[in-house]
>>> print(open('input.tsv').read())   # TSV, C-alpha atoms and all ligand atoms
chain	number	residue	atom	x	y	z
A	1	MET	CA	-10.98	1.41	-20.97
A	2	THR	CA	-14.46	0.52	-19.81
A	3	GLU	CA	-16.96	3.04	-18.59
A	4	ASP	CA	-19.81	2.46	-16.18
A	5	ARG	CA	-23.40	3.52	-16.88
A	6	SER	CA	-22.74	7.07	-15.71
A	7	GLY	CA	-19.81	7.43	-18.11
A	8	ASN	CA	-17.17	7.37	-15.38
A	9	GLN	CA	-13.95	5.43	-15.60
A	10	SER	CA	-14.70	2.15	-13.84
A	11	GLY	CA	-13.27	1.44	-10.40
A	12	VAL	CA	-11.17	-1.45	-11.70
A	13	ASP	CA	-9.70	0.61	-14.56
A	14	LYS	CA	-8.63	3.19	-12.02
A	15	LEU	CA	-6.84	0.47	-10.06
A	16	MET	CA	-5.02	-0.81	-13.15
A	17	LYS	CA	-3.87	2.72	-13.97
A	18	GLY	CA	-2.77	3.15	-10.35
A	19	TYR	CA	-0.82	-0.10	-10.47
A	20	ARG	CA	1.04	0.95	-13.61
A	21	ASN	CA	1.90	4.28	-11.99
A	22	TYR	CA	3.13	2.40	-8.93
A	23	ARG	CA	5.19	-0.07	-10.97
A	24	ASP	CA	6.85	2.62	-13.04
A	25	GLY	CA	7.06	5.28	-10.33
A	26	SER	CA	7.04	4.74	-6.59
A	27	TYR	CA	8.09	1.08	-6.87
A	28	GLU	CA	11.22	2.11	-8.72
A	29	ALA	CA	11.86	4.85	-6.17
A	30	SER	CA	11.55	2.46	-3.22
A	31	ARG	CA	13.11	-0.59	-4.88
A	32	PRO	CA	16.05	-0.85	-2.42
A	33	LEU	CA	13.65	-0.80	0.54
A	34	ILE	CA	11.37	-3.40	-1.01
A	35	GLU	CA	14.28	-5.66	-1.96
A	36	SER	CA	15.52	-5.46	1.62
A	37	LEU	CA	12.03	-6.27	2.97
A	38	VAL	CA	11.85	-9.30	0.68
A	39	ALA	CA	15.32	-10.51	1.64
A	40	ARG	CA	15.05	-9.88	5.40
A	41	GLY	CA	11.29	-10.34	5.82
A	42	GLN	CA	8.90	-7.76	7.19
A	43	ARG	CA	9.67	-6.21	10.58
A	44	PRO	CA	6.97	-3.63	11.22
A	45	GLU	CA	7.06	-1.96	14.63
A	46	VAL	CA	3.39	-1.02	14.53
A	47	ALA	CA	0.21	-3.03	14.06
A	48	VAL	CA	-2.99	-1.10	13.56
A	49	VAL	CA	-6.60	-2.26	13.84
A	50	ALA	CA	-8.61	0.00	11.53
A	51	CYS	CA	-12.07	0.06	9.99
A	52	SER	CA	-12.66	-1.43	6.53
A	53	ASP	CA	-14.16	1.94	5.56
A	54	SER	CA	-12.73	2.97	2.16
A	55	ARG	CA	-12.06	6.50	3.40
A	56	VAL	CA	-9.79	5.55	6.31
A	57	ASP	CA	-6.72	3.80	4.94
A	58	PRO	CA	-3.94	3.83	7.58
A	59	ALA	CA	-1.17	3.62	4.97
A	60	ILE	CA	-2.48	6.74	3.20
A	61	LEU	CA	-3.37	8.58	6.40
A	62	PHE	CA	0.07	8.11	7.96
A	63	GLN	CA	2.01	8.28	4.67
A	64	ALA	CA	3.54	4.93	5.56
A	65	ASP	CA	6.13	3.09	3.50
A	66	PRO	CA	6.05	-0.63	2.66
A	67	GLY	CA	7.03	-2.55	5.79
A	68	ASP	CA	5.95	0.17	8.25
A	69	LEU	CA	2.48	-1.03	9.21
A	70	PHE	CA	0.88	-4.41	9.86
A	71	VAL	CA	-2.76	-3.58	9.15
A	72	ILE	CA	-5.83	-5.43	10.41
A	73	ARG	CA	-9.12	-4.07	9.09
A	74	ASN	CA	-12.69	-5.00	9.89
A	75	VAL	CA	-16.09	-3.36	10.33
A	76	ALA	CA	-15.79	-0.65	13.03
A	77	ASN	CA	-12.13	-1.41	13.92
A	78	LEU	CA	-13.08	-3.92	16.59
A	79	VAL	CA	-11.03	-6.35	18.60
A	80	PRO	CA	-13.22	-9.18	19.90
A	81	PRO	CA	-12.55	-10.63	23.33
A	82	MET	CA	-10.48	-13.81	23.30
A	83	GLU	CA	-12.75	-16.79	22.61
A	84	GLN	CA	-11.88	-20.47	22.58
A	85	GLU	CA	-14.96	-21.70	20.73
A	86	GLY	CA	-15.38	-21.40	17.00
A	87	THR	CA	-12.67	-21.78	14.38
A	88	PHE	CA	-12.43	-18.82	12.06
A	89	HIS	CA	-11.13	-15.93	14.15
A	90	GLY	CA	-9.77	-13.58	11.49
A	91	THR	CA	-8.94	-10.61	13.69
A	92	SER	CA	-7.52	-12.72	16.53
A	93	ALA	CA	-5.34	-14.66	14.07
A	94	ALA	CA	-3.95	-11.42	12.62
A	95	LEU	CA	-3.25	-10.06	16.12
A	96	GLU	CA	-1.52	-13.29	17.08
A	97	PHE	CA	0.66	-13.07	13.98
A	98	ALA	CA	1.54	-9.42	14.70
A	99	VAL	CA	2.38	-9.95	18.39
A	100	LEU	CA	3.87	-13.47	18.45
A	101	GLY	CA	5.15	-13.71	14.89
A	102	LEU	CA	6.42	-10.19	14.25
A	103	SER	CA	6.93	-8.92	17.82
A	104	VAL	CA	5.44	-5.52	17.04
A	105	LYS	CA	6.21	-2.89	19.67
A	106	HIS	CA	2.99	-0.90	19.27
A	107	LEU	CA	-0.61	-1.99	18.82
A	108	MET	CA	-2.93	0.77	17.74
A	109	VAL	CA	-6.72	0.80	17.48
A	110	LEU	CA	-7.77	3.50	15.01
A	111	GLY	CA	-11.40	4.62	15.32
A	112	HIS	CA	-12.99	7.12	12.97
A	113	ALA	CA	-15.86	9.56	12.52
A	114	HIS	CA	-18.85	8.73	10.28
A	115	CYS	CA	-18.45	4.99	10.87
A	116	GLY	CA	-21.19	2.95	9.20
A	117	GLY	CA	-20.67	0.00	11.56
A	118	ILE	CA	-21.19	2.20	14.63
A	119	LYS	CA	-24.25	3.78	13.00
A	120	MET	CA	-25.76	0.33	12.54
A	121	MET	CA	-25.00	-0.56	16.15
A	122	MET	CA	-26.61	2.67	17.43
A	123	ALA	CA	-29.77	2.36	15.37
A	124	PRO	CA	-30.46	-1.27	14.48
A	125	ASP	CA	-33.51	-1.85	12.31
A	126	PRO	CA	-35.19	-5.03	13.62
A	127	GLY	CA	-37.38	-5.18	10.49
A	128	ASP	CA	-34.40	-5.23	8.12
A	129	ASN	CA	-33.09	-8.73	7.45
A	130	THR	CA	-30.44	-7.66	4.92
A	131	PHE	CA	-27.55	-8.01	7.32
A	132	LYS	CA	-26.79	-11.07	9.38
A	133	TYR	CA	-23.10	-10.82	10.27
A	134	VAL	CA	-22.68	-7.07	10.78
A	135	PRO	CA	-25.26	-6.67	13.59
A	136	SER	CA	-23.81	-9.71	15.32
A	137	TRP	CA	-20.24	-8.38	14.97
A	138	VAL	CA	-20.98	-4.86	16.28
A	139	SER	CA	-23.13	-6.24	19.11
A	140	MET	CA	-19.89	-6.66	21.11
A	141	LEU	CA	-20.24	-2.91	21.71
A	142	ALA	CA	-23.85	-2.94	22.88
A	143	ALA	CA	-23.28	-2.90	26.65
A	144	ALA	CA	-20.64	-0.15	26.46
A	145	HIS	CA	-22.89	1.77	24.08
A	146	ARG	CA	-25.74	1.73	26.59
A	147	ARG	CA	-23.40	2.95	29.35
A	148	VAL	CA	-22.21	5.87	27.20
A	149	LEU	CA	-25.69	6.94	26.21
A	150	ALA	CA	-26.97	6.73	29.79
A	151	THR	CA	-24.66	9.64	30.64
A	152	MET	CA	-25.48	11.71	27.53
A	153	SER	CA	-29.26	12.03	27.40
A	154	GLN	CA	-29.04	15.79	26.75
A	155	ALA	CA	-26.24	15.63	24.17
A	156	SER	CA	-26.69	16.13	20.42
A	157	HIS	CA	-26.90	13.14	18.10
A	158	GLU	CA	-23.51	14.11	16.70
A	159	ALA	CA	-21.90	14.16	20.16
A	160	ARG	CA	-23.48	10.82	21.08
A	161	THR	CA	-22.27	9.26	17.84
A	162	ARG	CA	-18.73	10.53	18.39
A	163	ALA	CA	-18.79	9.20	21.96
A	164	CYS	CA	-19.84	5.76	20.70
A	165	GLU	CA	-17.16	5.76	18.00
A	166	GLN	CA	-14.49	6.68	20.54
A	167	ASN	CA	-15.85	4.23	23.07
A	168	ALA	CA	-15.52	1.46	20.49
A	169	VAL	CA	-11.77	2.14	20.54
A	170	LEU	CA	-11.73	1.75	24.32
A	171	VAL	CA	-13.70	-1.52	24.18
A	172	SER	CA	-11.19	-2.85	21.65
A	173	LEU	CA	-8.25	-1.80	23.84
A	174	GLU	CA	-9.89	-3.55	26.78
A	175	ASN	CA	-10.52	-6.68	24.71
A	176	LEU	CA	-6.88	-6.71	23.59
A	177	THR	CA	-5.86	-7.38	27.18
A	178	THR	CA	-8.01	-10.54	27.28
A	179	PHE	CA	-5.30	-12.17	25.12
A	180	PRO	CA	-2.61	-13.35	27.59
A	181	TRP	CA	0.25	-12.74	25.12
A	182	VAL	CA	-0.87	-9.09	24.81
A	183	ARG	CA	-1.31	-8.65	28.55
A	184	GLU	CA	2.10	-10.15	29.37
A	185	ARG	CA	3.95	-7.97	26.86
A	186	VAL	CA	2.17	-4.81	28.01
A	187	GLU	CA	3.09	-5.60	31.62
A	188	SER	CA	6.74	-6.25	30.70
A	189	GLY	CA	6.92	-3.02	28.68
A	190	ASP	CA	7.59	-4.80	25.37
A	191	LEU	CA	4.28	-3.71	23.85
A	192	GLN	CA	2.43	-0.41	24.04
A	193	LEU	CA	-1.29	-0.02	23.32
A	194	HIS	CA	-2.63	3.13	21.66
A	195	GLY	CA	-6.17	4.34	21.01
A	196	TRP	CA	-6.46	6.85	18.16
A	197	TYR	CA	-9.47	8.47	16.51
A	198	VAL	CA	-9.56	10.34	13.21
A	199	ASP	CA	-12.11	12.63	11.62
A	200	ILE	CA	-11.03	12.84	7.98
A	201	ALA	CA	-13.48	15.66	7.24
A	202	ILE	CA	-11.47	18.20	9.31
A	203	PRO	CA	-8.93	16.43	9.35
A	204	GLU	CA	-8.21	15.84	13.02
A	205	LEU	CA	-6.37	12.97	14.68
A	206	SER	CA	-6.76	12.40	18.43
A	207	SER	CA	-5.03	10.05	20.80
A	208	TYR	CA	-6.51	8.52	23.94
A	209	ASP	CA	-4.81	9.88	27.04
A	210	TRP	CA	-4.78	7.14	29.68
A	211	GLU	CA	-4.38	9.62	32.56
A	212	SER	CA	-7.23	12.01	31.76
A	213	GLY	CA	-9.43	9.39	30.08
A	214	LYS	CA	-9.96	11.71	27.10
A	215	PHE	CA	-9.09	11.80	23.42
A	216	ILE	CA	-6.65	14.68	22.90
A	217	PRO	CA	-6.13	16.10	19.37
A	218	PHE	CA	-2.60	16.01	17.99
A	219	ALA	CA	-1.02	19.41	17.46
A	301	ZN	ZN	-15.99	2.48	10.24
>>> encode(input="input.tsv", output="structure tokens", more="lines below")
Ligand SMILES: [Zn+2]
Amino acid sequence: MTEDRSGNQSGVDKLMKGYRNYRDGSYEASRPLIESLVARGQRPEVAVVACSDSRVDPAILFQADPGDLFVIRNVANLVPPMEQEGTFHGTSAALEFAVLGLSVKHLMVLGHAHCGGIKMMMAPDPGDNTFKYVPSWVSMLAAAHRRVLATMSQASHEARTRACEQNAVLVSLENLTTFPWVRERVESGDLQLHGWYVDIAIPELSSYDWESGKFIPFA
């Protein structure tokens, strides 16, 4: 077992230990389910767009089993609007696979508190040239971000940040409907869109209520 400079078990060693525990423990316990998923193929009912943040893993958060969730993760859990130009549309390709290939019944955008991507969008440092792709990626939120902040000049930094994180979920939901195969299935009732937001520090999970236009915490 290797140790890093601080004497801690290295991150990779922890993964190897975790894999052995999985192989000898929970894999054995769920072997019939996994064998069925291999034989029949995956048929998840839910696809979730979540942040790449290491603290917000949908499978852990929802205690999901293999085959339950089709997970798409990127910085700040964003869905870009449909674009024809360009070639490498990772998130759009995954959405297409989930909706057209797997016929998922639910598409969920999962936002979260303490999001580094949203922080970078709210306070870009023009003098810092470290990041090229992240500022460009989160810039899809810029217009909505300005609209949110225009109504919150008296609010605390924490409240403004939370509003931007939740608004990112709404922008992604809106962008989902720019894909015709999402729009058609929502209109026919074959696909439902959900906007959720989690604060793992509490923990508290909220869902966007389309009627009131607010995020309502789950009981
Ligand atoms: Zn995040």
>>> closest_atom_pairs(input="input.tsv", of="chain A", to="ligand ZN 301 (chain A)", cutoff="10 Å", atoms="only C-alpha atoms and all ligand atoms", output="Markdown table")
| residue | atom | partner | partner_atom | distance |
| --- | --- | --- | --- | --- |
| A:Ala50 | CA | A:ZN301 | ZN | 7.9 |
| A:Cys51 | CA | A:ZN301 | ZN | 4.6 |
| A:Ser52 | CA | A:ZN301 | ZN | 6.3 |
| A:Asp53 | CA | A:ZN301 | ZN | 5.1 |
| A:Ser54 | CA | A:ZN301 | ZN | 8.7 |
| A:Arg55 | CA | A:ZN301 | ZN | 8.9 |
| A:Val56 | CA | A:ZN301 | ZN | 8.0 |
| A:Arg73 | CA | A:ZN301 | ZN | 9.6 |
| A:Asn74 | CA | A:ZN301 | ZN | 8.2 |
| A:Val75 | CA | A:ZN301 | ZN | 5.8 |
| A:Ala76 | CA | A:ZN301 | ZN | 4.2 |
| A:Asn77 | CA | A:ZN301 | ZN | 6.6 |
| A:Leu78 | CA | A:ZN301 | ZN | 9.5 |
| A:Leu110 | CA | A:ZN301 | ZN | 9.6 |
| A:Gly111 | CA | A:ZN301 | ZN | 7.2 |
| A:His112 | CA | A:ZN301 | ZN | 6.2 |
| A:Ala113 | CA | A:ZN301 | ZN | 7.4 |
| A:His114 | CA | A:ZN301 | ZN | 6.9 |
| A:Cys115 | CA | A:ZN301 | ZN | 3.6 |
| A:Gly116 | CA | A:ZN301 | ZN | 5.3 |
| A:Gly117 | CA | A:ZN301 | ZN | 5.5 |
| A:Ile118 | CA | A:ZN301 | ZN | 6.8 |
| A:Lys119 | CA | A:ZN301 | ZN | 8.8 |
| A:Glu165 | CA | A:ZN301 | ZN | 8.5 |
>>> residues_around(input="input.tsv", residues="Gln42 of chain A", least_positions_apart="3", cutoff="9 Å", atoms="all atoms listed in the file", output="ChimeraX atom specification")
/A:36-39,66-68,102
>>> atom_distance(input="input.tsv", atom1="atom CA of Glu174 of chain A", atom2="atom CA of Phe70 of chain A")
20.1 Å
>>> atom_distance(input="input.tsv", atom1="atom CA of Trp210 of chain A", atom2="atom CA of Met140 of chain A")
22.2 Å
>>> residues_around(input="input.tsv", residues="Leu170 of chain A", least_positions_apart="6", cutoff="9 Å", atoms="all atoms listed in the file", output="PyMOL selection string")
chain A and resi 109+195+208
>>> residues_around(input="input.tsv", residues="segment 84-87 of chain A", least_positions_apart="6", cutoff="12 Å", atoms="all atoms listed in the file", output="number ranges by chain")
A: 93, 178-179
>>> atom_distance(input="input.tsv", atom1="atom CA of Gly101 of chain A", atom2="atom CA of Glu83 of chain A")
19.7 Å
>>> closest_atom_pairs(input="input.tsv", of="segment 116-186 of chain A", to="segment 94-97 of chain A", cutoff="9 Å", atoms="only C-alpha atoms", output="JSON lines")
{"residue": "A:Leu176", "atom": "CA", "partner": "A:Leu95", "partner_atom": "CA", "distance": 9.0}
{"residue": "A:Phe179", "atom": "CA", "partner": "A:Glu96", "partner_atom": "CA", "distance": 9.0}
{"residue": "A:Trp181", "atom": "CA", "partner": "A:Glu96", "partner_atom": "CA", "distance": 8.3}
{"residue": "A:Val182", "atom": "CA", "partner": "A:Glu96", "partner_atom": "CA", "distance": 8.8}
